[in-house]
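Shown here: my_file_9.cif, mmCIF, C-alpha atoms, pLDDT in the B column; chains and numbers go by the auth columns.
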data_target
loop_
_atom_site.group_PDB
_atom_site.id
_atom_site.type_symbol
_atom_site.label_atom_id
_atom_site.label_comp_id
_atom_site.label_asym_id
_atom_site.label_seq_id
_atom_site.Cartn_x
_atom_site.Cartn_y
_atom_site.Cartn_z
_atom_site.B_iso_or_equiv
_atom_site.auth_seq_id
_atom_site.auth_asym_id
ATOM 1 C CA GLN A 1 6.415 4.325 16.972 83.00 1 A
ATOM 2 C CA VAL A 2 4.073 4.816 14.041 88.00 2 A
ATOM 3 C CA GLN A 3 0.486 3.604 14.084 94.00 3 A
ATOM 4 C CA LEU A 4 -1.309 2.870 10.824 96.00 4 A
ATOM 5 C CA VAL A 5 -5.055 2.356 10.488 96.00 5 A
ATOM 6 C CA GLU A 6 -6.560 1.254 7.186 97.00 6 A
ATOM 7 C CA SER A 7 -10.095 1.864 5.978 96.00 7 A
ATOM 8 C CA GLY A 8 -12.125 1.536 2.806 96.00 8 A
ATOM 9 C CA GLY A 9 -12.038 -2.173 2.093 95.00 9 A
ATOM 10 C CA GLY A 10 -15.088 -4.122 1.044 97.00 10 A
ATOM 11 C CA LEU A 11 -16.791 -6.135 -1.654 97.00 11 A
ATOM 12 C CA VAL A 12 -16.747 -4.840 -5.222 97.00 12 A
ATOM 13 C CA GLN A 13 -17.734 -6.324 -8.572 97.00 13 A
ATOM 14 C CA PRO A 14 -15.148 -7.031 -11.277 98.00 14 A
ATOM 15 C CA GLY A 15 -14.387 -3.876 -13.200 98.00 15 A
ATOM 16 C CA GLY A 16 -15.318 -1.713 -10.243 98.00 16 A
ATOM 17 C CA SER A 17 -13.347 0.759 -8.184 98.00 17 A
ATOM 18 C CA LEU A 18 -12.460 1.171 -4.537 98.00 18 A
ATOM 19 C CA GLN A 19 -10.388 3.604 -2.530 98.00 19 A
ATOM 20 C CA LEU A 20 -8.343 2.600 0.493 98.00 20 A
ATOM 21 C CA SER A 21 -7.107 5.074 3.066 97.00 21 A
ATOM 22 C CA CYS A 22 -4.518 4.832 5.787 97.00 22 A
ATOM 23 C CA ALA A 23 -4.367 7.233 8.712 96.00 23 A
ATOM 24 C CA VAL A 24 -0.966 7.696 10.300 93.00 24 A
ATOM 25 C CA SER A 25 -0.189 8.680 13.872 90.00 25 A
ATOM 26 C CA GLY A 26 2.884 8.613 16.034 87.00 26 A
ATOM 27 C CA VAL A 27 6.141 10.494 16.243 76.00 27 A
ATOM 28 C CA HIS A 28 8.724 8.168 14.736 81.00 28 A
ATOM 29 C CA PRO A 29 10.099 9.576 11.482 86.00 29 A
ATOM 30 C CA TYR A 30 9.416 7.677 8.281 90.00 30 A
ATOM 31 C CA SER A 31 10.250 8.434 4.683 92.00 31 A
ATOM 32 C CA VAL A 32 8.073 6.063 2.707 95.00 32 A
ATOM 33 C CA ILE A 33 4.498 4.852 3.041 96.00 33 A
ATOM 34 C CA GLY A 34 2.386 2.550 0.973 97.00 34 A
ATOM 35 C CA TRP A 35 0.521 -0.677 0.493 98.00 35 A
ATOM 36 C CA PHE A 36 1.162 -4.394 0.425 98.00 36 A
ATOM 37 C CA ARG A 37 -1.402 -7.138 -0.006 98.00 37 A
ATOM 38 C CA GLN A 38 -1.739 -10.806 0.843 98.00 38 A
ATOM 39 C CA ALA A 39 -4.081 -13.161 -0.950 97.00 39 A
ATOM 40 C CA PRO A 40 -5.106 -16.497 0.591 92.00 40 A
ATOM 41 C CA GLY A 41 -2.287 -19.012 0.353 94.00 41 A
ATOM 42 C CA LYS A 42 0.154 -16.477 -1.036 95.00 42 A
ATOM 43 C CA GLU A 43 2.974 -14.379 0.330 96.00 43 A
ATOM 44 C CA ARG A 44 2.546 -10.712 1.067 96.00 44 A
ATOM 45 C CA GLU A 45 3.455 -8.632 -1.979 97.00 45 A
ATOM 46 C CA GLY A 46 4.188 -4.984 -2.584 98.00 46 A
ATOM 47 C CA VAL A 47 1.465 -3.016 -4.333 98.00 47 A
ATOM 48 C CA SER A 48 2.616 0.586 -4.266 98.00 48 A
ATOM 49 C CA VAL A 49 4.642 2.966 -2.121 98.00 49 A
ATOM 50 C CA ILE A 50 5.272 6.695 -2.183 97.00 50 A
ATOM 51 C CA SER A 51 8.044 8.888 -0.848 95.00 51 A
ATOM 52 C CA ILE A 52 6.953 11.334 1.836 92.00 52 A
ATOM 53 C CA SER A 53 9.450 14.011 0.796 91.00 53 A
ATOM 54 C CA ASP A 54 9.183 14.181 -2.984 92.00 54 A
ATOM 55 C CA GLY A 55 6.303 11.953 -4.020 93.00 55 A
ATOM 56 C CA ARG A 56 8.313 9.395 -5.948 96.00 56 A
ATOM 57 C CA GLU A 57 6.251 6.257 -6.491 97.00 57 A
ATOM 58 C CA HIS A 58 6.670 2.550 -7.097 98.00 58 A
ATOM 59 C CA TYR A 59 3.983 0.227 -8.414 98.00 59 A
ATOM 60 C CA SER A 60 3.939 -3.490 -8.945 97.00 60 A
ATOM 61 C CA ASP A 61 3.512 -4.559 -12.559 97.00 61 A
ATOM 62 C CA SER A 62 0.195 -6.199 -11.709 97.00 62 A
ATOM 63 C CA VAL A 63 -1.437 -2.907 -10.680 98.00 63 A
ATOM 64 C CA LYS A 64 0.407 -0.333 -12.794 97.00 64 A
ATOM 65 C CA GLY A 65 -2.045 1.752 -14.758 97.00 65 A
ATOM 66 C CA ARG A 66 -4.989 0.676 -12.590 98.00 66 A
ATOM 67 C CA PHE A 67 -4.021 1.809 -9.091 98.00 67 A
ATOM 68 C CA THR A 68 -2.933 5.278 -8.007 98.00 68 A
ATOM 69 C CA ILE A 69 -1.252 6.093 -4.719 98.00 69 A
ATOM 70 C CA SER A 70 -1.364 9.539 -3.145 97.00 70 A
ATOM 71 C CA ARG A 71 -0.349 11.127 0.134 94.00 71 A
ATOM 72 C CA ASP A 72 -1.500 14.079 2.181 91.00 72 A
ATOM 73 C CA ASN A 73 1.369 14.974 4.466 85.00 73 A
ATOM 74 C CA ALA A 74 -0.602 17.625 6.323 87.00 74 A
ATOM 75 C CA LYS A 75 -3.383 15.180 7.155 84.00 75 A
ATOM 76 C CA LYS A 76 -0.935 12.305 7.613 90.00 76 A
ATOM 77 C CA LYS A 77 -2.858 10.090 5.260 94.00 77 A
ATOM 78 C CA VAL A 78 -2.083 7.875 2.295 96.00 78 A
ATOM 79 C CA SER A 79 -4.693 6.651 -0.169 98.00 79 A
ATOM 80 C CA LEU A 80 -4.840 3.984 -2.833 98.00 80 A
ATOM 81 C CA GLN A 81 -7.335 4.487 -5.635 98.00 81 A
ATOM 82 C CA MET A 82 -8.030 1.140 -7.270 98.00 82 A
ATOM 83 C CA THR A 83 -9.807 0.859 -10.613 98.00 83 A
ATOM 84 C CA SER A 84 -10.579 -1.941 -13.076 98.00 84 A
ATOM 85 C CA LEU A 85 -10.510 -4.395 -10.216 98.00 85 A
ATOM 86 C CA ASN A 86 -10.458 -8.103 -10.979 97.00 86 A
ATOM 87 C CA PRO A 87 -10.755 -11.212 -8.788 97.00 87 A
ATOM 88 C CA GLU A 88 -6.949 -11.511 -8.655 97.00 88 A
ATOM 89 C CA ASP A 89 -6.915 -8.275 -6.636 98.00 89 A
ATOM 90 C CA THR A 90 -8.781 -10.005 -3.801 98.00 90 A
ATOM 91 C CA ALA A 91 -6.565 -9.838 -0.726 98.00 91 A
ATOM 92 C CA VAL A 92 -6.016 -8.269 2.642 98.00 92 A
ATOM 93 C CA TYR A 93 -4.406 -4.896 1.996 98.00 93 A
ATOM 94 C CA TYR A 94 -1.880 -3.622 4.526 98.00 94 A
ATOM 95 C CA CYS A 95 -0.651 -0.102 5.012 98.00 95 A
ATOM 96 C CA THR A 96 3.047 0.086 5.733 97.00 96 A
ATOM 97 C CA ALA A 97 5.653 2.729 6.509 96.00 97 A
ATOM 98 C CA GLY A 98 9.397 2.616 6.392 95.00 98 A
ATOM 99 C CA ILE A 99 12.352 4.654 7.462 94.00 99 A
ATOM 100 C CA ASN A 100 14.267 4.347 4.202 94.00 100 A
ATOM 101 C CA TRP A 101 13.363 4.748 0.541 94.00 101 A
ATOM 102 C CA TYR A 102 14.415 1.949 -1.772 94.00 102 A
ATOM 103 C CA GLY A 103 14.803 1.757 -5.504 93.00 103 A
ATOM 104 C CA ARG A 104 12.987 -0.254 -8.106 92.00 104 A
ATOM 105 C CA ALA A 105 14.961 -3.434 -7.525 92.00 105 A
ATOM 106 C CA SER A 106 14.155 -3.837 -3.858 95.00 106 A
ATOM 107 C CA TRP A 107 11.200 -1.695 -2.773 97.00 107 A
ATOM 108 C CA SER A 108 8.748 -4.569 -2.682 95.00 108 A
ATOM 109 C CA ARG A 109 10.587 -6.620 -0.071 96.00 109 A
ATOM 110 C CA GLU A 110 8.378 -6.883 2.988 96.00 110 A
ATOM 111 C CA ARG A 111 11.253 -6.992 5.469 95.00 111 A
ATOM 112 C CA LEU A 112 12.377 -3.468 4.490 95.00 112 A
ATOM 113 C CA TYR A 113 9.360 -1.840 6.127 96.00 113 A
ATOM 114 C CA ASP A 114 9.166 -0.984 9.793 94.00 114 A
ATOM 115 C CA PHE A 115 5.528 -0.357 10.653 95.00 115 A
ATOM 116 C CA TRP A 116 2.352 -2.156 9.635 97.00 116 A
ATOM 117 C CA GLY A 117 -1.374 -1.713 9.955 97.00 117 A
ATOM 118 C CA GLN A 118 -3.822 -4.487 10.747 97.00 118 A
ATOM 119 C CA GLY A 119 -5.088 -4.771 7.187 97.00 119 A
ATOM 120 C CA THR A 120 -8.392 -4.319 5.394 97.00 120 A
ATOM 121 C CA GLN A 121 -10.112 -6.949 3.255 98.00 121 A
ATOM 122 C CA VAL A 122 -10.784 -6.280 -0.413 98.00 122 A
ATOM 123 C CA THR A 123 -12.925 -8.834 -2.223 98.00 123 A
ATOM 124 C CA VAL A 124 -13.579 -8.628 -5.947 98.00 124 A
ATOM 125 C CA SER A 125 -16.432 -10.905 -6.902 97.00 125 A
ATOM 126 C CA SER A 126 -19.687 -10.926 -8.818 95.00 126 A
#
Once you've parsed the file, please lay out its structure as structure tokens.
Amino acid sequence: QVQLVESGGGLVQPGGSLQLSCAVSGVHPYSVIGWFRQAPGKEREGVSVISISDGREHYSDSVKGRFTISRDNAKKKVSLQMTSLNPEDTAVYYCTAGINWYGRASWSRERLYDFWGQGTQVTVSS
């Protein structure tokens, strides 16, 4: 099993920045780790994921250029630096890990990921 614990959520004003972190524990192998989010009344959507082995990344179009994902394999941690936040970014953000890496066409499908954290709330509001 893999356990994922998110931190760093909170309230931020439009245009502001926030960094999320996810601490990983457990012994099950995984090859990809990243972030999904779920806004009220909407389905969970992929935000960004990163390959553990070579650092390849995927980003959703809605966050590309504003969010940056990074990993620290030694510390077993993944981070999401979020900038230029707007109210549409308000959601519960979930850390996720998966056994397999997927390409651009399919990476954002929720069912492809095997382990999930409990989520952390991000609210963008003035």
Taking the file as I've supplied it (selection: the PyMOL selection byres ((chain A and resi 19-35) around 9)), which residues are included? Please answer as number ranges by chain. A: 1-9, 17-18, 36-37, 45-53, 69-71, 75-83, 93-102, 113-114, 117, 120
Would you write out those residues with C-alpha atoms, as a PDB file, keeping the file's coordinate frame?
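out_11.pdb was written with the following content:
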ATOM      1  CA  GLN A   1       6.415   4.325  16.972  1.00 83.00           C
ATOM      2  CA  VAL A   2       4.073   4.816  14.041  1.00 88.00           C
ATOM      3  CA  GLN A   3       0.486   3.604  14.084  1.00 94.00           C
ATOM      4  CA  LEU A   4      -1.309   2.870  10.824  1.00 96.00           C
ATOM      5  CA  VAL A   5      -5.055   2.356  10.488  1.00 96.00           C
ATOM      6  CA  GLU A   6      -6.560   1.254   7.186  1.00 97.00           C
ATOM      7  CA  SER A   7     -10.095   1.864   5.978  1.00 96.00           C
ATOM      8  CA  GLY A   8     -12.125   1.536   2.806  1.00 96.00           C
ATOM      9  CA  GLY A   9     -12.038  -2.173   2.093  1.00 95.00           C
ATOM     10  CA  SER A  17     -13.347   0.759  -8.184  1.00 98.00           C
ATOM     11  CA  LEU A  18     -12.460   1.171  -4.537  1.00 98.00           C
ATOM     12  CA  PHE A  36       1.162  -4.394   0.425  1.00 98.00           C
ATOM     13  CA  ARG A  37      -1.402  -7.138  -0.006  1.00 98.00           C
ATOM     14  CA  GLU A  45       3.455  -8.632  -1.979  1.00 97.00           C
ATOM     15  CA  GLY A  46       4.188  -4.984  -2.584  1.00 98.00           C
ATOM     16  CA  VAL A  47       1.465  -3.016  -4.333  1.00 98.00           C
ATOM     17  CA  SER A  48       2.616   0.586  -4.266  1.00 98.00           C
ATOM     18  CA  VAL A  49       4.642   2.966  -2.121  1.00 98.00           C
ATOM     19  CA  ILE A  50       5.272   6.695  -2.183  1.00 97.00           C
ATOM     20  CA  SER A  51       8.044   8.888  -0.848  1.00 95.00           C
ATOM     21  CA  ILE A  52       6.953  11.334   1.836  1.00 92.00           C
ATOM     22  CA  SER A  53       9.450  14.011   0.796  1.00 91.00           C
ATOM     23  CA  ILE A  69      -1.252   6.093  -4.719  1.00 98.00           C
ATOM     24  CA  SER A  70      -1.364   9.539  -3.145  1.00 97.00           C
ATOM     25  CA  ARG A  71      -0.349  11.127   0.134  1.00 94.00           C
ATOM     26  CA  LYS A  75      -3.383  15.180   7.155  1.00 84.00           C
ATOM     27  CA  LYS A  76      -0.935  12.305   7.613  1.00 90.00           C
ATOM     28  CA  LYS A  77      -2.858  10.090   5.260  1.00 94.00           C
ATOM     29  CA  VAL A  78      -2.083   7.875   2.295  1.00 96.00           C
ATOM     30  CA  SER A  79      -4.693   6.651  -0.169  1.00 98.00           C
ATOM     31  CA  LEU A  80      -4.840   3.984  -2.833  1.00 98.00           C
ATOM     32  CA  GLN A  81      -7.335   4.487  -5.635  1.00 98.00           C
ATOM     33  CA  MET A  82      -8.030   1.140  -7.270  1.00 98.00           C
ATOM     34  CA  THR A  83      -9.807   0.859 -10.613  1.00 98.00           C
ATOM     35  CA  TYR A  93      -4.406  -4.896   1.996  1.00 98.00           C
ATOM     36  CA  TYR A  94      -1.880  -3.622   4.526  1.00 98.00           C
ATOM     37  CA  CYS A  95      -0.651  -0.102   5.012  1.00 98.00           C
ATOM     38  CA  THR A  96       3.047   0.086   5.733  1.00 97.00           C
ATOM     39  CA  ALA A  97       5.653   2.729   6.509  1.00 96.00           C
ATOM     40  CA  GLY A  98       9.397   2.616   6.392  1.00 95.00           C
ATOM     41  CA  ILE A  99      12.352   4.654   7.462  1.00 94.00           C
ATOM     42  CA  ASN A 100      14.267   4.347   4.202  1.00 94.00           C
ATOM     43  CA  TRP A 101      13.363   4.748   0.541  1.00 94.00           C
ATOM     44  CA  TYR A 102      14.415   1.949  -1.772  1.00 94.00           C
ATOM     45  CA  TYR A 113       9.360  -1.840   6.127  1.00 96.00           C
ATOM     46  CA  ASP A 114       9.166  -0.984   9.793  1.00 94.00           C
ATOM     47  CA  GLY A 117      -1.374  -1.713   9.955  1.00 97.00           C
ATOM     48  CA  THR A 120      -8.392  -4.319   5.394  1.00 97.00           C
TER      49      THR A 120
END
Using all atoms of range 79-86 of chain A listed in the file and a margin of 6 Å per side, can you give the axis-aligned box centre and edge lengths in Å to one decimal, as lines of an AutoDock Vina configuration file?
center_x = -7.6
center_y = -0.7
center_z = -6.6
size_x = 17.9
size_y = 26.8
size_z = 24.9
Mind pulling up the distance from CA of Glu88 in chain A to CA of Phe67 in chain A?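 Rounded to one decimal, the two atoms are 13.6 Å apart.
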Please indicate the distance in Å from CA of Gln13 in chain A to CA of Gln118 in chain A, rounded to one decimal place.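 So the answer is 23.9 Å.
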Hey, which of A:Val63, A:Ala74, A:Leu85, A:Val92 ends up closest to Ser126 in chain A? Count all atoms listed in the file.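 Of all the options, A:Leu85 lies closest to Ser126 in chain A.
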Here is a test: counting all atoms listed in the file, which residue of A:Tyr59, A:Pro40, A:Asp54, A:Val122 is nearest to Asn73 in chain A? A:Asp54
Would you mind reading off the distance between CA of Arg66 in chain A and CA of Pro14 in chain A, one decimal, in Å?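 Interatomic distance, CA of Arg66 in chain A to CA of Pro14 in chain A: 12.8 Å.
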Residues selected by the PyMOL selection byres ((chain A and resi 123) around 9), written as a list in words: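 For this structure, the PyMOL selection byres ((chain A and resi 123) around 9) resolves to Gly9, Gly10, Leu11, Val12, Gln13, Pro87, Asp89, Thr90, Ala91, Val92, Gln121, Val122, Val124 and Ser125 of chain A.
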If you keep N, CA, C and O atoms, can you output range 27-42 of chain A as a PDB file, in the first residue's frame?
ATOM      1  N   VAL A  27       5.211   0.844   0.928  1.00  0.00           N
ATOM      2  CA  VAL A  27       6.213   0.046   0.228  1.00  0.00           C
ATOM      3  C   VAL A  27       5.769  -0.386  -1.159  1.00  0.00           C
ATOM      4  O   VAL A  27       6.553  -0.967  -1.902  1.00  0.00           O
ATOM      5  N   HIS A  28       4.541  -0.127  -1.528  1.00  0.00           N
ATOM      6  CA  HIS A  28       4.084  -0.568  -2.845  1.00  0.00           C
ATOM      7  C   HIS A  28       4.764   0.283  -3.915  1.00  0.00           C
ATOM      8  O   HIS A  28       4.808   1.499  -3.801  1.00  0.00           O
ATOM      9  N   PRO A  29       5.274  -0.307  -4.959  1.00  0.00           N
ATOM     10  CA  PRO A  29       5.912   0.489  -6.008  1.00  0.00           C
ATOM     11  C   PRO A  29       4.904   1.317  -6.784  1.00  0.00           C
ATOM     12  O   PRO A  29       3.779   0.881  -7.005  1.00  0.00           O
ATOM     13  N   TYR A  30       5.319   2.505  -7.186  1.00  0.00           N
ATOM     14  CA  TYR A  30       4.485   3.355  -8.026  1.00  0.00           C
ATOM     15  C   TYR A  30       5.396   4.100  -8.980  1.00  0.00           C
ATOM     16  O   TYR A  30       6.557   4.344  -8.677  1.00  0.00           O
ATOM     17  N   SER A  31       4.887   4.483 -10.117  1.00  0.00           N
ATOM     18  CA  SER A  31       5.723   5.107 -11.126  1.00  0.00           C
ATOM     19  C   SER A  31       5.313   6.540 -11.453  1.00  0.00           C
ATOM     20  O   SER A  31       6.066   7.245 -12.124  1.00  0.00           O
ATOM     21  N   VAL A  32       4.145   6.938 -10.992  1.00  0.00           N
ATOM     22  CA  VAL A  32       3.679   8.279 -11.278  1.00  0.00           C
ATOM     23  C   VAL A  32       2.974   8.825 -10.044  1.00  0.00           C
ATOM     24  O   VAL A  32       2.308   8.091  -9.311  1.00  0.00           O
ATOM     25  N   ILE A  33       3.122  10.128  -9.832  1.00  0.00           N
ATOM     26  CA  ILE A  33       2.482  10.782  -8.697  1.00  0.00           C
ATOM     27  C   ILE A  33       2.050  12.172  -9.128  1.00  0.00           C
ATOM     28  O   ILE A  33       2.678  12.765 -10.003  1.00  0.00           O
ATOM     29  N   GLY A  34       0.971  12.640  -8.531  1.00  0.00           N
ATOM     30  CA  GLY A  34       0.518  13.962  -8.954  1.00  0.00           C
ATOM     31  C   GLY A  34      -0.728  14.414  -8.245  1.00  0.00           C
ATOM     32  O   GLY A  34      -1.014  13.979  -7.131  1.00  0.00           O
ATOM     33  N   TRP A  35      -1.468  15.286  -8.934  1.00  0.00           N
ATOM     34  CA  TRP A  35      -2.586  15.983  -8.318  1.00  0.00           C
ATOM     35  C   TRP A  35      -3.820  15.977  -9.209  1.00  0.00           C
ATOM     36  O   TRP A  35      -3.738  16.201 -10.424  1.00  0.00           O
ATOM     37  N   PHE A  36      -4.943  15.743  -8.570  1.00  0.00           N
ATOM     38  CA  PHE A  36      -6.266  15.952  -9.148  1.00  0.00           C
ATOM     39  C   PHE A  36      -6.978  16.985  -8.266  1.00  0.00           C
ATOM     40  O   PHE A  36      -6.531  17.278  -7.153  1.00  0.00           O
ATOM     41  N   ARG A  37      -8.088  17.495  -8.761  1.00  0.00           N
ATOM     42  CA  ARG A  37      -8.890  18.399  -7.953  1.00  0.00           C
ATOM     43  C   ARG A  37     -10.369  18.195  -8.258  1.00  0.00           C
ATOM     44  O   ARG A  37     -10.731  17.731  -9.334  1.00  0.00           O
ATOM     45  N   GLN A  38     -11.190  18.565  -7.273  1.00  0.00           N
ATOM     46  CA  GLN A  38     -12.635  18.453  -7.446  1.00  0.00           C
ATOM     47  C   GLN A  38     -13.303  19.692  -6.879  1.00  0.00           C
ATOM     48  O   GLN A  38     -13.217  19.954  -5.670  1.00  0.00           O
ATOM     49  N   ALA A  39     -13.936  20.429  -7.755  1.00  0.00           N
ATOM     50  CA  ALA A  39     -14.687  21.620  -7.351  1.00  0.00           C
ATOM     51  C   ALA A  39     -16.113  21.212  -7.000  1.00  0.00           C
ATOM     52  O   ALA A  39     -16.596  20.171  -7.461  1.00  0.00           O
ATOM     53  N   PRO A  40     -16.811  22.006  -6.215  1.00  0.00           N
ATOM     54  CA  PRO A  40     -18.190  21.671  -5.842  1.00  0.00           C
ATOM     55  C   PRO A  40     -19.077  21.459  -7.062  1.00  0.00           C
ATOM     56  O   PRO A  40     -19.084  22.277  -7.985  1.00  0.00           O
ATOM     57  N   GLY A  41     -19.772  20.344  -7.087  1.00  0.00           N
ATOM     58  CA  GLY A  41     -20.685  20.045  -8.179  1.00  0.00           C
ATOM     59  C   GLY A  41     -20.033  19.577  -9.455  1.00  0.00           C
ATOM     60  O   GLY A  41     -20.709  19.405 -10.470  1.00  0.00           O
ATOM     61  N   LYS A  42     -18.721  19.368  -9.411  1.00  0.00           N
ATOM     62  CA  LYS A  42     -18.015  18.944 -10.622  1.00  0.00           C
ATOM     63  C   LYS A  42     -17.294  17.628 -10.388  1.00  0.00           C
ATOM     64  O   LYS A  42     -17.069  17.212  -9.259  1.00  0.00           O
TER      65      LYS A  42
END
